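> Once you've had a glance at the structure underneath, I'll fire off some questions.
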Amino acid sequence: MHELIEEFLSYLSVERGFADNTLSSYKGDLVIFSKYLESSGIQSIQKVSRQIVTSFMLSEKDRGLSSNSISRELACLKSFFKFLVRENKVKEDITSVIESPKLWKRLPSTLNIQEVESLLKAPNLRELNGSRDKACLELMYATGMRVSELINVKMGDFNMELRFVKCFGKSSKERIVPFGKKAKEAIARYLSKSRPELLKKKVSNFLFLTRLGKPMSRQTFWKIIKKYARLAGIKKDIKPHSLRHSFATHILERGADLRIVQEMLGHADISTTQIYTHVSKDRLKSIHKKFHPRP
């Protein structure tokens with residue numbers, strides 16, 4: 001099973017161009033499935049049946065996994081078995097007729113405009129990392145890019161004069177997203193003051209650097225946004241993608257076309273973008289309930 005998993009991951013990486021984060025997620029799901037097979041006494045992939053896969057999904061539910069997580073695992077298994085059939089490792093794709101658990105769409109956590117303003121004002125620009133953190137937060141809110149895209153922005157990926165940045169999303173798909181004057185000012189300040197000091201006479205093509213002059217990690221950005229949310233007095237449960245979600249919600253509330261927002265977010269399917277229209281409707285309902293004399 002281990003060898004089959006490695007062959008599958010190699011196929012996804014080389015032929016499908018999947019990102020490292022996606023490959024890591026697939027590997028984790030397949031390792032869990034492999035351990036379940038071992039605990040069930042199944043030694044060969046040819047012995048796996050539809051009933052076994054269904055039992056695995058039920059055991060994951062009993063383990064406390066959400067419907068979304070189980071659906072993700074099933075999607076991984078479906079891709080895995082399609083690969084096995086293609087490579088003649090198994091005769092039949094036993095997952096083809098297994099239905100995914102019903103997905104309950106959860107509204108993403110968002111900040112209102114006032115909270116975003118407080119968050120963006122929180123960094124101390126007199127500190128070494130202050131202008132860097134300000135530039136990070138401003139650029140994410142200005143573009144709605146993913147954290148993985150933000151930390152991988154290179155020096156040649158943005159144009160300050162025309163105010164656009166190239167993002168490399170899932171499966172290395174490239175898109176161009178504009179950003180505003182506030183983000184431009186924050187990036188310019190960071191480039192002129194903090195970044196040269198962070199480099200410490202080293203050379204790096206990455207835009208955002210740590211104190212050691214190395215590229216920023218997802219964990220570093222997580223700590224940054226948590227830190228400034230606390231300083232801004234924001235009580236909501238802030239996540240790394242909170243500014244991305246807020247960008248989408250705020251721009252749709254102001255009348256942006258859904259397909260344009262889909263393009264800027266890098267969503268392959270517009271149904272993924274539509275969840276932000278639900279957020280807007282939810283906000284409208286809460287306002288109506290709060291202020292209407294007969295809620």
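By order of appearance in the structure tokens: chains A, B, ..., then residues from 1 within every chain, and ligands from 1 in the order shown.
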Where does region 158-258 of chain A meet region 21-38 of chain A within 12 Å, residue by residue, with the nearest atom pair and distance in Å to one decimal for each, counting only C-alpha atoms, listed by chain and rising number, as a tab-separated table?


```
residue	atom	partner	partner_atom	distance
A:Gly169	CA	A:Asn21	CA	11.2
A:Lys170	CA	A:Thr22	CA	8.2
A:Ser171	CA	A:Thr22	CA	8.8
A:Ser172	CA	A:Thr22	CA	11.3
A:Arg218	CA	A:Asn21	CA	10.9
```

> Which residues of region 50-158 of chain A have any atom within 10 Å of an atom in region 186-190 of chain A when counting only C-alpha atoms, and what is the closest pair of atoms for each, with the distance in Å to one decimal? Order the rows by chain and rising number and write it as a tab-separated table.


```
residue	atom	partner	partner_atom	distance
A:Leu125	CA	A:Arg189	CA	9.1
A:Leu128	CA	A:Tyr190	CA	9.3
A:Asn129	CA	A:Tyr190	CA	8.8
A:Gly130	CA	A:Tyr190	CA	8.6
A:Ser131	CA	A:Tyr190	CA	5.0
A:Arg132	CA	A:Tyr190	CA	5.3
A:Asp133	CA	A:Tyr190	CA	8.7
A:Lys134	CA	A:Ala186	CA	6.3
A:Ala135	CA	A:Ala186	CA	4.7
A:Cys136	CA	A:Ile187	CA	8.1
A:Leu137	CA	A:Ala186	CA	9.2
A:Glu138	CA	A:Ala186	CA	7.0
A:Leu139	CA	A:Ile187	CA	7.9
```

> Show me, as a ChimeraX atom specification, the residues that have an atom within 12 Å of region 52-60 of chain A when counting only C-alpha atoms, minus same-chain residues fewer than 3 positions from it.

/A:29-30,32-42,45-49,63-78,81,93-101

> DSSP on the backbone: what in region 28-245 of chain A comes out alpha helix (DSSP H), as a VMD selection string?

chain A and resid 28 to 39 50 to 62 67 to 86 113 to 121 130 to 143 147 to 150 181 to 189 195 to 199 218 to 231 242 to 245

> Considering only C-alpha atoms, can you say which of A:Val177, A:Leu150, A:Ala183, A:Val90 comes closest to Val261 (chain A)?

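Among the listed residues, A:Val177 lies closest to Val261 (chain A).
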
> Run DSSP on the backbone and tell me which residues of region 34-213 of chain A come out as strand (DSSP E or B); list them as a PyMOL selection string.

chain A and resi 154+158-159+164-168+174-178+206+209

> Give the answer as one residue: which of A:Ala232, A:Val147, A:Leu84, A:Met160 has the shortest atom-to-atom distance to Glu115 (chain A), using only C-alpha atoms?

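Among the listed residues, the smallest separation from Glu115 (chain A) belongs to A:Ala232.
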
> Measuring atom to atom with only C-alpha atoms, identify which of A:Ile251, A:Val116, A:Met264, A:Leu258 is nearest to Ile225 (chain A).

A:Val116

> May I have the residues within 9 Å of region 235-237 of chain A as a list in words, using only C-alpha atoms and disregarding those fewer than 4 positions away in the same chain?

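Answer for this query is Ser109, Thr110, Leu111, Lys226, Ala229 and Arg230 of chain A.
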